[in-house]
Amino acid sequence: MKKILLSGIVLCFSQWAVAQKTDSQFLQPTENLIVEALSPIPTSLVKELNMYTNVRSAGFSEWHPKKKEMLMSTRFGNTNQLHYLKMPMGARTQITFFDEPVGGGTFEPNEGNYFIFSRDAGGNEFGQLYRYDLADGKITLLSDGGRSQNGGMRWSTKGDKLLYGSTRRNGADRDVYLMDPLQPQKDKLVLELVGGGWGVNDWSPDDKSFILGEYVSVNESKLWLVDIATGSKTKISPESIEPLVFGGAVFSKDGKSIYISTDLDNEFNYLAKMDLSTKKITPITKSIPWNVADYDLSPDGTKMIFSTNEAGLSKVYMLNTLNNQYEAIKEIPQGAVGGFEWHKSGDDIAYNYSTAASSSDIYVFNIKTRKTERWTESELGGLVASQLNDAKLIKWKSFDGTEISGFHYKPAAKFTGKRPVIIVMHGGPEGQSTPGFQGRNNYYLNELGVALIYPNVRGSTGYGKSFVKMDNGYLRENSVKDIGALLDWIELQPDLDASRVMTMGGSYGGYMALACAVYYSERLKCSNDIVGISSFTTFLKNTESYRRDLRRVEYGDEQDPKMYEFLEKISPLNNVGKIKIPMFIVQGGNDPRVPRTEAAQMSAALKANDIPVWYLEAKDEGHGFRKKSNSDFQFYSTILFVKKYLLEVE
C-alpha cells in the first residue's frame, strides 16, 4: 500500500557546474545531454534560480524493527539516497552513495541487521535487489543483475524469507520467487505467471500461503490465494460481468479473512473485509464518497489507519477492526498524506505529509497522546512558506456537459493585469493532479507572473470509476476536448490572458500537450512535451513487453485493424501538419515506458515542417529526469522557452 514520491533537490551540484564554467557566460551541457536548438543558458539565470532549484524533501521508508529509528530517503547530492534517522529532527545520516537514485529499503523484520533496497541504471527501471549489512556497510547483489525487473518484496510473518516479483525468465512475465536474503543463490521459483501485472500482497500468519494481486487495468484487478508449498493458486475475488477492482489485500491476525479495497457495487474504492472460507465481502467505508487511498493494519490487528482522497486532499481515519467503526483523526490536518506504517510498539505511526507551503516531510502520530511529532524539516532553499500561494479548486463544463475540475495557482499579488497561463497535464492517464507543493514551479508564480492550472480531465482517478472510463479506447480524444473547454473558461476569467497560454505535460500528459498543439494551435502560444507518446501504434510496439498488454487495455489493442486505424488517425505524429506553435521536447534516453523513438520521430517531423522545436535528451535518464544536474538543466531551458515563446521576451 506504500507509495513514496520524492523530489528532493540540493545546492552543491549546480554551484559546482557554474564554478567549472567561470570562463563563460553560459552553462555548458554535459556529455550525457543531447541538446538541439535550445537557447544558451546564462550563468546569471542559474544564480537567479538558485533558490528555486534547492528545495529538498524527505520520504519515510521503514521503521527499524527493534528501535524507534527509521530508514528514510532524501537527496544531499545529485541523486536520491537512503539515510538513517535516529530521532525526531535528528541528523540524517546517509548510508547509500551511488550515482544512480536508490529506491526505498526494507529492514530484515526481526533484528534489523540488514535491509534490502533496489536500484536501476540510468532510469531503465530494470531494478535489481541488494542487501545492505549495517555492521560493515557491505552491499550484496541478490537478484540476477541483468535486464530484468525485480521488486515488490514482502517478508514472511516469521521474517526469515521474502517473496518478490521478477521478469528474469523472459523479460515479459512477472513470476514470483522465494528468497532467503542471506542465501540468495538458493532462491526458488514459486509461481510462473503470464503477464506483467502480478504482485504479492501479503503472507498468511502461518506463512503457508500468500495473497497474489493481478492488475489488469485501473478499472480491473483480481486476487488469488497461493499455496507456497505447491505453487497452486485459487481465485478468491468474485466473478463479475463488469470489470471490478480488488486490491491491497492484508491478512487479519487470525488468518481467516483479509482486508481489501474494492469498488464492488460502488463508484469509489472502499475498505472491506473478505471471509476466506465463505468469500463473503463486508463493506466498511462504503458510505464515504471518495476513494480509500492508503492504509496499514496495526501490529495487533485491532486498528487500521487509512486515508481517503477527497478532491486531491487526504483525510485520515482510524478504524477499530473489532467493530468496524471509524473516526477521523483531526490531529492530522488535510494535505497530501500517505506512506503509513505502524511501529512494532503499536503506538506510533509514521507518514509523509506535504502542502502547498511545504515539501514532503516525515511525521509520526502517537495514538495514545493524540499528538503529531515532526521528524524531518526539509529546506525550502530560501523560499518563504508563508508567501507561497495555495491552489484554488476550479470547475468547468466540457463539450458534452461533463463537469471537469482542476487546481489554479495564482501568481504573486505584485503582478497585475491579465496573466499568461501554463496548463500542466498529469500522466497516467489514470493519474490525478492534487494541490501540492510547487517547488521550483514557484518561479513561474513569483518571478514571471504566470498562472498555473492543473486540470483533471476525464480519465483521471479520484472522481469515481465511471469518470475513469470516459477516455478509454475510442473515447481518447474526449479528454483533449476537455482542455478545449478549459481554454473557453480561461477566456472568461478577468485575470487570465487567453492570448498567452502554454500546455505542458509528462508521459500521457506529454501526449496531451502534443494533441492540444494539434487541435488548438490557434489558441496556444507554445507547448512542452516531456516523455510523451507521439504515436500510439509505435508506442505500443516499442514499450517494454512486460507492460504492453497493460497499456492495450487503456489505449486499445493495435492488433485489431479497426483500432489500429483509429490510433493512427488520432496520433499527433500523423497530424503534425496541424501544429503551428513552437515545441520543447524532453526525453530520457533509457525510457522503458515511452521509448526515445517517440520523441525523436516527433522532433524530426516538426523540423521537416519548419516548426521551431527545442530538443533535450538525457542519455542517463528514463521516464523523467531523476538526477538533479539533469533536472536543473531541463528547468533552466524550460524557463528560457517560456520567456521566448509564451512571454515573448528575450
# chains A, B, ... in the order shown; residues from 1 in each chain; ligands from 1
>>> select_by_dssp(residues="region 508-564 of chain A", states="strand (DSSP E)", output="list of chain:residue names")
A:Cys526, A:Ser527, A:Asn528, A:Asp529, A:Ile530
>>> write_last_selection(atoms="N, CA and C atoms", output="CSV table (one decimal), in the first residue's frame")
chain,number,residue,atom,x,y,z
A,526,CYS,N,2.6,28.0,-27.3
A,526,CYS,CA,3.7,27.0,-27.4
A,526,CYS,C,3.4,25.8,-26.5
A,527,SER,N,4.2,24.8,-26.5
A,527,SER,CA,3.9,23.6,-25.8
A,527,SER,C,5.2,22.9,-25.4
A,528,ASN,N,5.1,22.1,-24.3
A,528,ASN,CA,6.2,21.4,-23.8
A,528,ASN,C,5.8,19.9,-23.6
A,529,ASP,N,6.4,19.0,-24.4
A,529,ASP,CA,6.1,17.6,-24.3
A,529,ASP,C,7.3,16.9,-23.6
A,530,ILE,N,7.0,16.3,-22.5
A,530,ILE,CA,8.0,15.6,-21.7
A,530,ILE,C,7.7,14.1,-21.7
>>> atom_distance(atom1="CA of Tyr555 (chain A)", atom2="CA of Ser240 (chain A)")
22.3 Å
>>> atom_distance(atom1="CA of Gly231 (chain A)", atom2="CA of Val176 (chain A)")
9.6 Å
>>> select_by_dssp(residues="region 347-453 of chain A", states="helix (DSSP H, G or I)", output="PyMOL selection string")
chain A and resi 385-387+439-448
>>> closest_residue(among="A:Val424, A:Met602, A:Leu271, A:Leu380", to="Tyr326 (chain A)", atoms="only C-alpha atoms")
A:Leu271
>>> decode(residues="region 200-212 of chain A", atoms="N, CA and C atoms", output="PDB file, in the first residue's frame")
ATOM      1  N   VAL A 200       2.832  -9.617  -5.134  1.00  0.00           N
ATOM      2  CA  VAL A 200       2.492 -10.226  -3.847  1.00  0.00           C
ATOM      3  C   VAL A 200       1.919  -9.157  -2.921  1.00  0.00           C
ATOM      4  N   ASN A 201       0.756  -9.443  -2.322  1.00  0.00           N
ATOM      5  CA  ASN A 201       0.126  -8.512  -1.383  1.00  0.00           C
ATOM      6  C   ASN A 201       0.544  -8.773   0.059  1.00  0.00           C
ATOM      7  N   ASP A 202       0.375 -10.004   0.545  1.00  0.00           N
ATOM      8  CA  ASP A 202       0.647 -10.281   1.949  1.00  0.00           C
ATOM      9  C   ASP A 202       0.769 -11.777   2.190  1.00  0.00           C
ATOM     10  N   TRP A 203       1.587 -12.152   3.197  1.00  0.00           N
ATOM     11  CA  TRP A 203       1.704 -13.534   3.646  1.00  0.00           C
ATOM     12  C   TRP A 203       0.611 -13.839   4.673  1.00  0.00           C
ATOM     13  N   SER A 204       0.197 -15.086   4.740  1.00  0.00           N
ATOM     14  CA  SER A 204      -0.710 -15.523   5.797  1.00  0.00           C
ATOM     15  C   SER A 204       0.062 -15.589   7.118  1.00  0.00           C
ATOM     16  N   PRO A 205      -0.628 -15.485   8.267  1.00  0.00           N
ATOM     17  CA  PRO A 205       0.069 -15.529   9.563  1.00  0.00           C
ATOM     18  C   PRO A 205       0.885 -16.797   9.785  1.00  0.00           C
ATOM     19  N   ASP A 206       0.464 -17.941   9.167  1.00  0.00           N
ATOM     20  CA  ASP A 206       1.214 -19.188   9.347  1.00  0.00           C
ATOM     21  C   ASP A 206       2.267 -19.406   8.268  1.00  0.00           C
ATOM     22  N   ASP A 207       2.425 -18.434   7.357  1.00  0.00           N
ATOM     23  CA  ASP A 207       3.429 -18.484   6.279  1.00  0.00           C
ATOM     24  C   ASP A 207       3.226 -19.638   5.299  1.00  0.00           C
ATOM     25  N   LYS A 208       2.032 -20.185   5.250  1.00  0.00           N
ATOM     26  CA  LYS A 208       1.772 -21.286   4.324  1.00  0.00           C
ATOM     27  C   LYS A 208       1.191 -20.816   2.987  1.00  0.00           C
ATOM     28  N   SER A 209       0.702 -19.606   2.951  1.00  0.00           N
ATOM     29  CA  SER A 209       0.087 -19.098   1.724  1.00  0.00           C
ATOM     30  C   SER A 209       0.294 -17.591   1.637  1.00  0.00           C
ATOM     31  N   PHE A 210      -0.034 -17.028   0.490  1.00  0.00           N
ATOM     32  CA  PHE A 210       0.019 -15.576   0.332  1.00  0.00           C
ATOM     33  C   PHE A 210      -1.053 -15.132  -0.649  1.00  0.00           C
ATOM     34  N   ILE A 211      -1.384 -13.850  -0.562  1.00  0.00           N
ATOM     35  CA  ILE A 211      -2.345 -13.253  -1.477  1.00  0.00           C
ATOM     36  C   ILE A 211      -1.581 -12.650  -2.656  1.00  0.00           C
ATOM     37  N   LEU A 212      -1.987 -13.026  -3.850  1.00  0.00           N
ATOM     38  CA  LEU A 212      -1.381 -12.540  -5.086  1.00  0.00           C
ATOM     39  C   LEU A 212      -2.368 -11.612  -5.784  1.00  0.00           C
TER      40      LEU A 212
END
